[in-house]
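The file my_file_24.tsv comes next; it holds TSV, C-alpha atoms.
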```
chain	number	residue	atom	x	y	z
A	1	MET	CA	-4.76	48.28	-21.11
A	2	LYS	CA	-5.43	44.64	-21.88
A	3	ASN	CA	-4.31	42.69	-24.93
A	4	PHE	CA	-6.64	40.09	-26.36
A	5	ILE	CA	-5.04	37.22	-28.25
A	6	HIS	CA	-7.12	34.98	-30.50
A	7	PHE	CA	-5.76	31.99	-32.37
A	8	LEU	CA	-6.81	32.03	-36.04
A	9	PRO	CA	-6.89	29.29	-38.67
A	10	VAL	CA	-3.43	28.18	-39.73
A	11	ALA	CA	-3.16	25.83	-42.72
A	12	THR	CA	-5.77	23.11	-42.14
A	13	ALA	CA	-5.78	23.35	-38.33
A	14	LEU	CA	-8.16	25.66	-36.45
A	15	PHE	CA	-7.38	26.78	-32.92
A	16	VAL	CA	-10.00	28.92	-31.16
A	17	SER	CA	-9.43	30.20	-27.65
A	18	SER	CA	-9.53	33.33	-25.53
A	19	VAL	CA	-6.19	34.38	-24.04
A	20	TYR	CA	-5.87	37.71	-22.26
A	21	SER	CA	-2.70	39.58	-21.37
A	22	ALA	CA	-3.05	42.25	-18.67
A	23	GLN	CA	-0.80	45.28	-18.03
A	24	SER	CA	0.46	43.52	-14.92
A	25	GLY	CA	2.05	40.88	-17.14
A	26	ASN	CA	-0.44	38.24	-15.99
A	27	VAL	CA	-1.92	35.94	-18.63
A	28	GLY	CA	-5.46	34.61	-18.41
A	29	ILE	CA	-7.27	31.83	-20.24
A	30	ASN	CA	-11.06	32.31	-20.22
A	31	THR	CA	-10.69	35.31	-17.88
A	32	ASN	CA	-10.00	38.97	-18.66
A	33	ASN	CA	-8.78	39.64	-15.12
A	34	PRO	CA	-5.89	37.21	-14.49
A	35	GLN	CA	-4.77	37.18	-10.86
A	36	GLN	CA	-1.54	35.23	-11.39
A	37	LYS	CA	1.14	34.96	-14.08
A	38	LEU	CA	-1.02	32.19	-15.57
A	39	HIS	CA	-4.69	32.09	-14.59
A	40	VAL	CA	-6.93	29.39	-16.08
A	41	SER	CA	-10.59	30.07	-15.42
A	42	GLY	CA	-13.76	28.06	-15.90
A	43	THR	CA	-16.87	27.00	-14.03
A	44	LYS	CA	-16.92	23.71	-12.15
A	45	ASN	CA	-17.94	20.88	-14.39
A	46	ILE	CA	-17.83	17.28	-13.20
A	47	ILE	CA	-16.78	15.30	-16.24
A	48	THR	CA	-17.12	11.98	-14.45
A	49	ALA	CA	-17.92	11.13	-10.85
A	50	ASN	CA	-15.53	8.22	-10.77
A	51	VAL	CA	-12.09	8.08	-12.38
A	52	GLY	CA	-11.38	4.39	-12.92
A	53	SER	CA	-11.86	2.64	-9.59
A	54	SER	CA	-10.50	5.56	-7.55
A	55	GLY	CA	-13.83	7.12	-6.59
A	56	ILE	CA	-12.31	10.53	-7.40
A	57	ALA	CA	-14.33	13.00	-9.48
A	58	LEU	CA	-12.64	14.57	-12.49
A	59	ILE	CA	-13.33	18.31	-12.56
A	60	ALA	CA	-13.00	20.65	-15.55
A	61	PRO	CA	-11.20	22.83	-16.46
A	62	THR	CA	-8.07	20.72	-16.58
A	63	VAL	CA	-4.61	21.31	-18.02
A	64	ARG	CA	-3.31	18.79	-20.51
A	65	ILE	CA	0.42	18.15	-20.96
A	66	ASP	CA	1.05	15.58	-23.66
A	67	GLY	CA	4.57	14.92	-22.38
A	68	LEU	CA	3.12	13.43	-19.21
A	69	ASN	CA	0.61	11.06	-20.79
A	70	ILE	CA	0.55	7.26	-20.66
A	71	THR	CA	2.32	6.94	-24.02
A	72	ASN	CA	5.31	8.93	-22.81
A	73	ASN	CA	5.25	7.51	-19.28
A	74	PRO	CA	4.60	3.76	-19.53
A	75	ALA	CA	6.62	3.12	-16.37
A	76	VAL	CA	4.27	5.37	-14.39
A	77	PHE	CA	0.86	4.69	-15.94
A	78	THR	CA	-0.67	1.32	-16.76
A	79	ALA	CA	-4.00	0.30	-18.20
A	80	ALA	CA	-5.15	-0.51	-14.66
A	81	SER	CA	-3.65	2.62	-13.03
A	82	THR	CA	-4.25	5.78	-15.02
A	83	LEU	CA	-4.35	8.32	-12.19
A	84	ASN	CA	-1.17	9.37	-10.37
A	85	PRO	CA	0.04	12.34	-8.29
A	86	TYR	CA	1.49	15.45	-9.95
A	87	TYR	CA	4.64	16.85	-8.36
A	88	VAL	CA	7.03	19.77	-8.70
A	89	ASN	CA	10.69	19.19	-7.81
A	90	ALA	CA	13.22	21.63	-6.35
A	91	ASN	CA	14.09	22.89	-9.84
A	92	GLY	CA	10.47	23.84	-10.53
A	93	GLU	CA	10.06	20.99	-13.01
A	94	ALA	CA	6.64	19.34	-13.19
A	95	LEU	CA	6.43	15.55	-13.22
A	96	VAL	CA	4.08	12.66	-12.59
A	97	VAL	CA	5.28	9.77	-10.39
A	98	LYS	CA	3.73	6.55	-9.24
A	99	GLY	CA	1.19	6.88	-6.51
A	100	GLU	CA	0.34	4.27	-3.90
A	101	THR	CA	0.97	0.82	-5.34
A	102	SER	CA	-0.27	-2.53	-4.13
A	103	TYR	CA	2.53	-5.08	-4.42
A	104	SER	CA	0.63	-7.78	-2.58
A	105	TYR	CA	-3.05	-7.52	-1.89
A	106	THR	CA	-5.79	-9.86	-0.73
A	107	ALA	CA	-9.24	-8.49	-1.51
A	108	PRO	CA	-11.73	-8.17	1.37
A	109	GLY	CA	-13.58	-11.42	1.83
A	110	SER	CA	-10.77	-13.42	0.22
A	111	ASP	CA	-8.31	-15.71	1.96
A	112	ALA	CA	-4.60	-15.95	1.10
A	113	ILE	CA	-4.15	-19.34	2.83
A	114	THR	CA	-6.28	-22.06	1.25
A	115	THR	CA	-4.55	-24.99	2.96
A	116	PRO	CA	-4.21	-24.66	6.76
A	117	VAL	CA	-0.79	-25.39	8.29
A	118	ASN	CA	-0.42	-27.47	11.48
A	119	PHE	CA	2.52	-26.49	13.68
A	120	THR	CA	3.47	-28.33	16.86
A	121	ILE	CA	4.91	-26.26	19.72
A	122	THR	CA	7.29	-28.27	21.91
A	123	GLY	CA	6.94	-27.37	25.58
A	124	ASN	CA	10.53	-26.33	26.37
A	125	LEU	CA	10.19	-22.59	27.24
A	126	ASN	CA	11.73	-21.63	23.87
A	127	TYR	CA	9.84	-19.55	21.30
A	128	GLN	CA	9.47	-21.55	18.09
A	129	LEU	CA	8.68	-20.34	14.57
A	130	SER	CA	6.96	-22.10	11.69
A	131	ALA	CA	8.08	-22.07	8.08
A	132	PRO	CA	6.87	-19.00	6.11
A	133	LEU	CA	3.08	-18.99	5.78
A	134	LEU	CA	2.95	-16.08	3.30
A	135	THR	CA	5.66	-14.29	1.30
A	136	SER	CA	5.78	-10.98	-0.57
A	137	THR	CA	8.64	-9.67	-2.74
A	138	PHE	CA	8.55	-6.05	-3.90
A	139	THR	CA	10.91	-3.64	-5.67
A	140	LEU	CA	11.11	0.10	-4.93
A	141	ASP	CA	12.47	2.38	-7.65
A	142	ARG	CA	12.86	5.26	-5.17
A	143	ARG	CA	12.73	6.04	-1.45
A	144	SER	CA	9.21	5.16	-0.30
A	145	MET	CA	6.89	4.80	2.65
A	146	VAL	CA	6.00	1.11	2.91
A	147	TYR	CA	2.90	-0.12	4.75
A	148	ILE	CA	2.83	-3.81	5.69
A	149	SER	CA	-0.39	-5.33	6.98
A	150	SER	CA	-1.02	-8.96	7.89
A	151	THR	CA	-3.74	-11.07	9.46
A	152	ILE	CA	-3.46	-14.74	10.34
A	153	SER	CA	-5.99	-17.02	12.01
A	154	ALA	CA	-4.74	-19.49	14.62
A	155	ASP	CA	-6.52	-22.43	16.28
A	156	ALA	CA	-4.91	-23.92	19.40
A	157	SER	CA	-5.45	-27.55	20.39
A	158	THR	CA	-3.68	-30.50	21.95
A	159	THR	CA	-1.25	-32.36	19.73
A	160	ALA	CA	-4.08	-34.82	19.06
A	161	GLY	CA	-6.39	-32.01	17.92
A	162	ASN	CA	-8.55	-31.90	21.07
A	163	ILE	CA	-9.57	-28.94	23.24
A	164	ILE	CA	-6.86	-27.77	25.62
A	165	ASN	CA	-8.14	-27.85	29.21
A	166	ASN	CA	-5.05	-28.25	31.41
A	167	GLY	CA	-5.11	-24.62	32.58
A	168	ARG	CA	-1.43	-24.01	31.74
A	169	ALA	CA	-0.25	-20.76	30.13
A	170	LYS	CA	0.67	-20.72	26.47
A	171	SER	CA	1.40	-18.07	23.85
A	172	ILE	CA	0.93	-17.93	20.08
A	173	GLY	CA	1.98	-15.21	17.68
A	174	ALA	CA	2.52	-13.94	14.15
A	175	VAL	CA	5.96	-12.66	13.12
A	176	LEU	CA	7.12	-10.61	10.12
A	177	GLN	CA	10.71	-11.07	8.96
A	178	PHE	CA	12.68	-9.56	6.09
A	179	THR	CA	14.63	-12.32	4.38
A	180	SER	CA	16.29	-10.07	1.79
A	181	ALA	CA	16.84	-6.31	1.60
A	182	PRO	CA	19.46	-3.84	0.32
A	183	ALA	CA	22.29	-3.19	2.76
A	184	ALA	CA	21.42	0.53	2.63
A	185	SER	CA	18.07	-0.19	4.28
A	186	GLY	CA	19.72	-1.20	7.55
A	187	LEU	CA	17.06	-3.88	8.04
A	188	PRO	CA	17.96	-6.97	10.12
A	189	LEU	CA	17.42	-10.14	8.10
A	190	ASN	CA	15.86	-13.44	9.21
A	191	THR	CA	14.89	-12.09	12.61
A	192	SER	CA	11.69	-10.69	14.04
A	193	TYR	CA	10.94	-7.24	12.63
A	194	ILE	CA	7.44	-6.86	14.02
A	195	SER	CA	5.13	-9.32	15.76
A	196	ASP	CA	1.72	-9.73	17.34
A	197	ALA	CA	1.09	-12.34	20.02
A	198	THR	CA	-1.45	-13.40	22.64
A	199	SER	CA	-1.16	-15.49	25.81
A	200	PHE	CA	-3.93	-17.71	27.12
A	201	THR	CA	-4.94	-20.46	29.50
A	202	ASN	CA	-7.95	-22.76	29.38
A	203	GLY	CA	-9.12	-25.10	32.10
A	204	ALA	CA	-12.66	-25.75	30.92
A	205	THR	CA	-13.43	-29.09	29.34
A	206	LEU	CA	-15.92	-27.48	26.97
A	207	GLY	CA	-13.88	-24.31	26.46
A	208	SER	CA	-13.09	-23.10	22.96
A	209	LEU	CA	-9.82	-21.58	21.82
A	210	ASN	CA	-10.42	-21.53	18.10
A	211	ASN	CA	-10.02	-18.65	15.69
A	212	PHE	CA	-7.52	-16.35	17.31
A	213	LYS	CA	-6.76	-13.45	14.95
A	214	LEU	CA	-3.19	-12.13	14.95
A	215	SER	CA	-2.19	-8.98	13.10
A	216	ALA	CA	1.48	-8.04	12.70
A	217	THR	CA	1.42	-4.61	11.03
A	218	THR	CA	4.01	-1.88	10.54
A	219	GLU	CA	5.07	1.05	8.38
A	220	THR	CA	8.58	2.19	7.53
A	221	VAL	CA	10.55	4.35	5.10
A	222	LEU	CA	12.80	2.28	2.83
A	223	PRO	CA	15.34	3.16	0.12
A	224	ALA	CA	15.21	1.86	-3.45
A	225	GLY	CA	15.86	-1.85	-3.91
A	226	THR	CA	14.26	-5.29	-3.82
A	227	TYR	CA	12.83	-6.69	-0.59
A	228	THR	CA	11.30	-9.99	0.52
A	229	ILE	CA	9.17	-10.21	3.65
A	230	VAL	CA	7.62	-13.35	5.14
A	231	LEU	CA	4.85	-14.01	7.64
A	232	LEU	CA	5.48	-16.84	10.12
A	233	GLY	CA	3.53	-18.33	12.99
A	234	GLY	CA	5.05	-18.96	16.41
A	235	GLY	CA	4.43	-20.08	19.94
A	236	ILE	CA	5.82	-21.02	23.34
A	237	SER	CA	4.74	-23.15	26.31
A	238	GLY	CA	6.07	-24.59	29.55
A	239	ASN	CA	8.18	-27.71	30.01
A	240	GLY	CA	6.44	-30.82	28.73
A	241	ASP	CA	3.33	-28.94	27.66
A	242	ASP	CA	3.31	-29.60	23.92
A	243	PHE	CA	0.38	-28.27	21.89
A	244	ARG	CA	-0.63	-27.68	18.28
A	245	VAL	CA	-1.51	-24.50	16.41
A	246	THR	CA	-3.33	-24.59	13.09
A	247	PHE	CA	-2.55	-21.42	11.13
A	248	GLY	CA	-4.82	-20.29	8.30
A	249	ASN	CA	-7.87	-22.33	9.27
A	250	GLY	CA	-10.08	-19.23	9.50
A	251	ASN	CA	-10.95	-16.55	6.93
A	252	GLY	CA	-9.24	-13.32	5.92
A	253	ASP	CA	-5.62	-14.47	6.12
A	254	LYS	CA	-3.42	-11.95	4.26
A	255	LEU	CA	-0.05	-10.28	3.84
A	256	ASN	CA	-0.52	-6.91	2.13
A	257	VAL	CA	2.22	-4.49	1.09
A	258	PHE	CA	1.42	-0.94	-0.05
A	259	VAL	CA	3.95	1.63	-1.23
A	260	ARG	CA	3.84	5.43	-1.47
A	261	PRO	CA	6.87	7.00	-3.17
A	262	LEU	CA	8.38	9.97	-1.34
```

Please re-express this file's structure in structure tokens.
Amino acid sequence: MKNFIHFLPVATALFVSSVYSAQSGNVGINTNNPQQKLHVSGTKNIITANVGSSGIALIAPTVRIDGLNITNNPAVFTAASTLNPYYVNANGEALVVKGETSYSYTAPGSDAITTPVNFTITGNLNYQLSAPLLTSTFTLDRRSMVYISSTISADASTTAGNIINNGRAKSIGAVLQFTSAPAASGLPLNTSYISDATSFTNGATLGSLNNFKLSATTETVLPAGTYTIVLLGGGISGNGDDFRVTFGNGNGDKLNVFVRPL
């Protein structure tokens, strides 16, 4: 035996729906054969092929919970980010939390360094670092997976700006350092966290060493707190073999930080 429940006019409000209660105790909306304790049925209907800028289609039927909307969750939703993951915690409570967030982002085709930085490497067999070329500060309100991506262009030349052609080995690199982080993170501060480097020689008078691309990139799980990470340039050469590196002279320089709460 099935029970059919219809909502009738009450006062000035009119609610019309089809809710079915089966002998099994299952309840169905728009189905008279519910397969679960709550079964919402309906044919596929693409309401919109693109939700915001996400590229994700919104499919009906959907379930609306007013307690999770943007008005009641201003810390989760913003005017620019209206789509976030839906979770269930260990207590069976439903909630919406922030999805992947861009704390620092350089759009494709853009360049985060508009004024190139010249850095002279003294030939003394010691690795030397420049001042920070790019900086990003971000705050996590919960334990999160953090993706850090960087690209820096580097042109090598003599200290006078000419082509290097002495045939001696040199190395240039990009280094990421955390300069501030919560103690609970266990991160070392003001020291290399991740780096990308290349070694080279050039003995040709007409050789070209311009537009190296260095990419120091990493991902890590971090606890809640505020962090600052910097991108620096670096280099090393043999005794007496000074040379110059110009960082940021090319295109596509960036330091991007993306966060996915866990």

Practice task
Would you be able to write out as a list in words which residues have an atom within 10 Å of (5.0, 4.5, 4.1) in the file's coordinates, counting all atoms listed in the file?
Solution key: Glu100, Arg143, Ser144, Met145, Val146, Tyr147, Ile148, Thr218, Glu219, Thr220, Val221, Leu222, Val257, Phe258, Val259, Arg260, Pro261 and Leu262 of chain A

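From atom CA of A:Ser199 back to atom CA of A:Leu255, the distance works out to 22.6 Å.
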
Closest pair table for stretch 85-134 of chain A residues within 10 Å of stretch 150-172 of chain A, all atoms listed in the file, as a Markdown table:
```
| residue | atom | partner | partner_atom | distance |
| --- | --- | --- | --- | --- |
| A:Thr106 | CA | A:Ser150 | CA | 9.9 |
| A:Asp111 | CA | A:Ile152 | CA | 9.7 |
| A:Ala112 | CA | A:Ile152 | CA | 9.4 |
| A:Ile113 | CA | A:Ile152 | CA | 8.8 |
| A:Pro116 | CA | A:Ala154 | CA | 9.4 |
| A:Val117 | CA | A:Ala154 | CA | 9.5 |
| A:Asn118 | CA | A:Asp155 | CA | 9.3 |
| A:Phe119 | CA | A:Thr159 | CA | 9.2 |
| A:Thr120 | CA | A:Thr159 | CA | 6.8 |
| A:Ile121 | CA | A:Thr159 | CA | 8.7 |
| A:Thr122 | CA | A:Thr159 | CA | 9.7 |
| A:Gly123 | CA | A:Lys170 | CA | 9.2 |
| A:Leu125 | CA | A:Lys170 | CA | 9.7 |
| A:Tyr127 | CA | A:Ser171 | CA | 8.9 |
| A:Gln128 | CA | A:Ile172 | CA | 9.5 |
| A:Leu129 | CA | A:Ile172 | CA | 9.8 |
| A:Leu133 | CA | A:Ile152 | CA | 9.0 |
| A:Leu134 | CA | A:Ser150 | CA | 9.4 |
```

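Here atom CA of A:Asn69 is placed at a distance of 27.7 Å from atom CA of A:Pro34.
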
Exercise for the section: Choose the residue, out of A:Asn256, A:Gln23, A:Ser185, A:Asn124, that has the smallest atom-to-atom separation from A:Gly240; count all atoms listed in the file. Expected result: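 That would be A:Asn124, the residue with the smallest distance to A:Gly240.
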
Exercise for the section: Name the residues in contact with A:Leu232 at a cut-off of 7 Å, using only C-alpha atoms, excluding same-chain residues fewer than 3 positions from it; report them as an NGL selection string. Expected result: :A and (129-133 or 174-176)

Practice task
Have a look at A:Phe200, A:Tyr227, A:Leu95, A:Ala183 and name the one nearest to A:Asp66; count all atoms listed in the file.
Solution key: A:Leu95

Practice task
With a distance cut-off of 7 Å and all atoms listed in the file, select the neighbouring residues of A:Ser136, excluding the residue or stretch itself and same-chain residues fewer than 6 positions from it, and output the selection as a count of residues only.
Solution key: 4

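Across the structure, atom CA of A:Val27 and atom CA of A:Val63 are spaced 14.9 Å apart.
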
Practice task
Take the point (2.7, 30.1, -15.4) in the file's coordinates, draw a sphere of radius 10 Å around it, and report as a ChimeraX atom specification every protein, DNA or RNA residue with an atom inside or on it, counting only C-alpha atoms.
Solution key: /A:26-28,36-40

Taking the partial coordinates given, rebuild stretch 249-260 of chain A to contain all heavy atoms; return it as a PDB file, in the frame of the given file.
```pdb
ATOM      1  N   ASN A 249      -6.648 -21.537   9.321  1.00  0.00           N
ATOM      2  CA  ASN A 249      -7.870 -22.330   9.270  1.00  0.00           C
ATOM      3  C   ASN A 249      -9.119 -21.450   9.191  1.00  0.00           C
ATOM      4  O   ASN A 249     -10.188 -21.906   8.819  1.00  0.00           O
ATOM      5  CB  ASN A 249      -7.966 -23.238  10.492  1.00  0.00           C
ATOM      6  CG  ASN A 249      -8.941 -24.380  10.301  1.00  0.00           C
ATOM      7  OD1 ASN A 249      -9.045 -24.942   9.212  1.00  0.00           O
ATOM      8  ND2 ASN A 249      -9.666 -24.721  11.351  1.00  0.00           N
ATOM      9  N   GLY A 250      -8.954 -20.159   9.558  1.00  0.00           N
ATOM     10  CA  GLY A 250     -10.080 -19.230   9.500  1.00  0.00           C
ATOM     11  C   GLY A 250     -10.116 -18.487   8.176  1.00  0.00           C
ATOM     12  O   GLY A 250      -9.500 -18.890   7.182  1.00  0.00           O
ATOM     13  N   ASN A 251     -10.826 -17.357   8.143  1.00  0.00           N
ATOM     14  CA  ASN A 251     -10.950 -16.550   6.930  1.00  0.00           C
ATOM     15  C   ASN A 251     -10.161 -15.250   7.060  1.00  0.00           C
ATOM     16  O   ASN A 251      -9.869 -14.790   8.156  1.00  0.00           O
ATOM     17  CB  ASN A 251     -12.428 -16.226   6.670  1.00  0.00           C
ATOM     18  CG  ASN A 251     -13.250 -17.468   6.389  1.00  0.00           C
ATOM     19  OD1 ASN A 251     -12.803 -18.360   5.675  1.00  0.00           O
ATOM     20  ND2 ASN A 251     -14.446 -17.530   6.960  1.00  0.00           N
ATOM     21  N   GLY A 252      -9.859 -14.647   5.929  1.00  0.00           N
ATOM     22  CA  GLY A 252      -9.240 -13.320   5.920  1.00  0.00           C
ATOM     23  C   GLY A 252      -7.747 -13.306   6.146  1.00  0.00           C
ATOM     24  O   GLY A 252      -7.184 -12.254   6.469  1.00  0.00           O
ATOM     25  N   ASP A 253      -7.075 -14.451   5.972  1.00  0.00           N
ATOM     26  CA  ASP A 253      -5.620 -14.470   6.120  1.00  0.00           C
ATOM     27  C   ASP A 253      -4.993 -13.661   4.983  1.00  0.00           C
ATOM     28  O   ASP A 253      -5.383 -13.793   3.818  1.00  0.00           O
ATOM     29  CB  ASP A 253      -5.098 -15.899   6.094  1.00  0.00           C
ATOM     30  CG  ASP A 253      -5.720 -16.742   7.199  1.00  0.00           C
ATOM     31  OD1 ASP A 253      -5.585 -16.357   8.367  1.00  0.00           O
ATOM     32  OD2 ASP A 253      -6.355 -17.760   6.873  1.00  0.00           O
ATOM     33  N   LYS A 254      -3.979 -12.823   5.299  1.00  0.00           N
ATOM     34  CA  LYS A 254      -3.420 -11.950   4.260  1.00  0.00           C
ATOM     35  C   LYS A 254      -2.041 -11.450   4.665  1.00  0.00           C
ATOM     36  O   LYS A 254      -1.670 -11.453   5.839  1.00  0.00           O
ATOM     37  CB  LYS A 254      -4.337 -10.741   4.042  1.00  0.00           C
ATOM     38  CG  LYS A 254      -4.438  -9.835   5.271  1.00  0.00           C
ATOM     39  CD  LYS A 254      -5.408  -8.683   5.062  1.00  0.00           C
ATOM     40  CE  LYS A 254      -5.459  -7.798   6.313  1.00  0.00           C
ATOM     41  NZ  LYS A 254      -6.421  -6.680   6.148  1.00  0.00           N
ATOM     42  N   LEU A 255      -1.287 -11.035   3.669  1.00  0.00           N
ATOM     43  CA  LEU A 255      -0.050 -10.280   3.840  1.00  0.00           C
ATOM     44  C   LEU A 255      -0.050  -9.220   2.746  1.00  0.00           C
ATOM     45  O   LEU A 255       0.203  -9.528   1.582  1.00  0.00           O
ATOM     46  CB  LEU A 255       1.179 -11.188   3.718  1.00  0.00           C
ATOM     47  CG  LEU A 255       2.545 -10.461   3.718  1.00  0.00           C
ATOM     48  CD1 LEU A 255       2.717  -9.617   4.971  1.00  0.00           C
ATOM     49  CD2 LEU A 255       3.688 -11.473   3.574  1.00  0.00           C
ATOM     50  N   ASN A 256      -0.392  -7.997   3.101  1.00  0.00           N
ATOM     51  CA  ASN A 256      -0.520  -6.910   2.130  1.00  0.00           C
ATOM     52  C   ASN A 256       0.635  -5.932   2.258  1.00  0.00           C
ATOM     53  O   ASN A 256       1.041  -5.576   3.370  1.00  0.00           O
ATOM     54  CB  ASN A 256      -1.835  -6.152   2.335  1.00  0.00           C
ATOM     55  CG  ASN A 256      -3.050  -6.988   1.959  1.00  0.00           C
ATOM     56  OD1 ASN A 256      -2.924  -8.011   1.291  1.00  0.00           O
ATOM     57  ND2 ASN A 256      -4.217  -6.565   2.388  1.00  0.00           N
ATOM     58  N   VAL A 257       1.155  -5.483   1.124  1.00  0.00           N
ATOM     59  CA  VAL A 257       2.220  -4.490   1.090  1.00  0.00           C
ATOM     60  C   VAL A 257       1.779  -3.350   0.176  1.00  0.00           C
ATOM     61  O   VAL A 257       1.438  -3.574  -0.983  1.00  0.00           O
ATOM     62  CB  VAL A 257       3.551  -5.094   0.569  1.00  0.00           C
ATOM     63  CG1 VAL A 257       4.627  -4.014   0.501  1.00  0.00           C
ATOM     64  CG2 VAL A 257       3.997  -6.237   1.471  1.00  0.00           C
ATOM     65  N   PHE A 258       1.773  -2.128   0.717  1.00  0.00           N
ATOM     66  CA  PHE A 258       1.420  -0.940  -0.050  1.00  0.00           C
ATOM     67  C   PHE A 258       2.595   0.036  -0.017  1.00  0.00           C
ATOM     68  O   PHE A 258       3.282   0.144   1.004  1.00  0.00           O
ATOM     69  CB  PHE A 258       0.168  -0.260   0.520  1.00  0.00           C
ATOM     70  CG  PHE A 258      -1.056  -1.126   0.503  1.00  0.00           C
ATOM     71  CD1 PHE A 258      -1.406  -1.879   1.612  1.00  0.00           C
ATOM     72  CD2 PHE A 258      -1.859  -1.190  -0.623  1.00  0.00           C
ATOM     73  CE1 PHE A 258      -2.537  -2.693   1.604  1.00  0.00           C
ATOM     74  CE2 PHE A 258      -2.990  -1.992  -0.641  1.00  0.00           C
ATOM     75  CZ  PHE A 258      -3.324  -2.739   0.471  1.00  0.00           C
ATOM     76  N   VAL A 259       2.798   0.746  -1.112  1.00  0.00           N
ATOM     77  CA  VAL A 259       3.950   1.630  -1.230  1.00  0.00           C
ATOM     78  C   VAL A 259       3.518   3.015  -1.669  1.00  0.00           C
ATOM     79  O   VAL A 259       2.699   3.150  -2.591  1.00  0.00           O
ATOM     80  CB  VAL A 259       4.967   1.058  -2.257  1.00  0.00           C
ATOM     81  CG1 VAL A 259       6.109   2.039  -2.494  1.00  0.00           C
ATOM     82  CG2 VAL A 259       5.513  -0.280  -1.752  1.00  0.00           C
ATOM     83  N   ARG A 260       4.053   4.048  -1.023  1.00  0.00           N
ATOM     84  CA  ARG A 260       3.840   5.430  -1.470  1.00  0.00           C
ATOM     85  C   ARG A 260       5.212   6.084  -1.659  1.00  0.00           C
ATOM     86  O   ARG A 260       5.924   6.335  -0.694  1.00  0.00           O
ATOM     87  CB  ARG A 260       3.034   6.222  -0.440  1.00  0.00           C
ATOM     88  CG  ARG A 260       2.735   7.651  -0.923  1.00  0.00           C
ATOM     89  CD  ARG A 260       1.878   8.411   0.082  1.00  0.00           C
ATOM     90  NE  ARG A 260       0.552   7.838   0.217  1.00  0.00           N
ATOM     91  CZ  ARG A 260      -0.457   8.099  -0.611  1.00  0.00           C
ATOM     92  NH1 ARG A 260      -0.257   8.887  -1.666  1.00  0.00           N
ATOM     93  NH2 ARG A 260      -1.623   7.562  -0.423  1.00  0.00           N
TER      94      ARG A 260
END
```
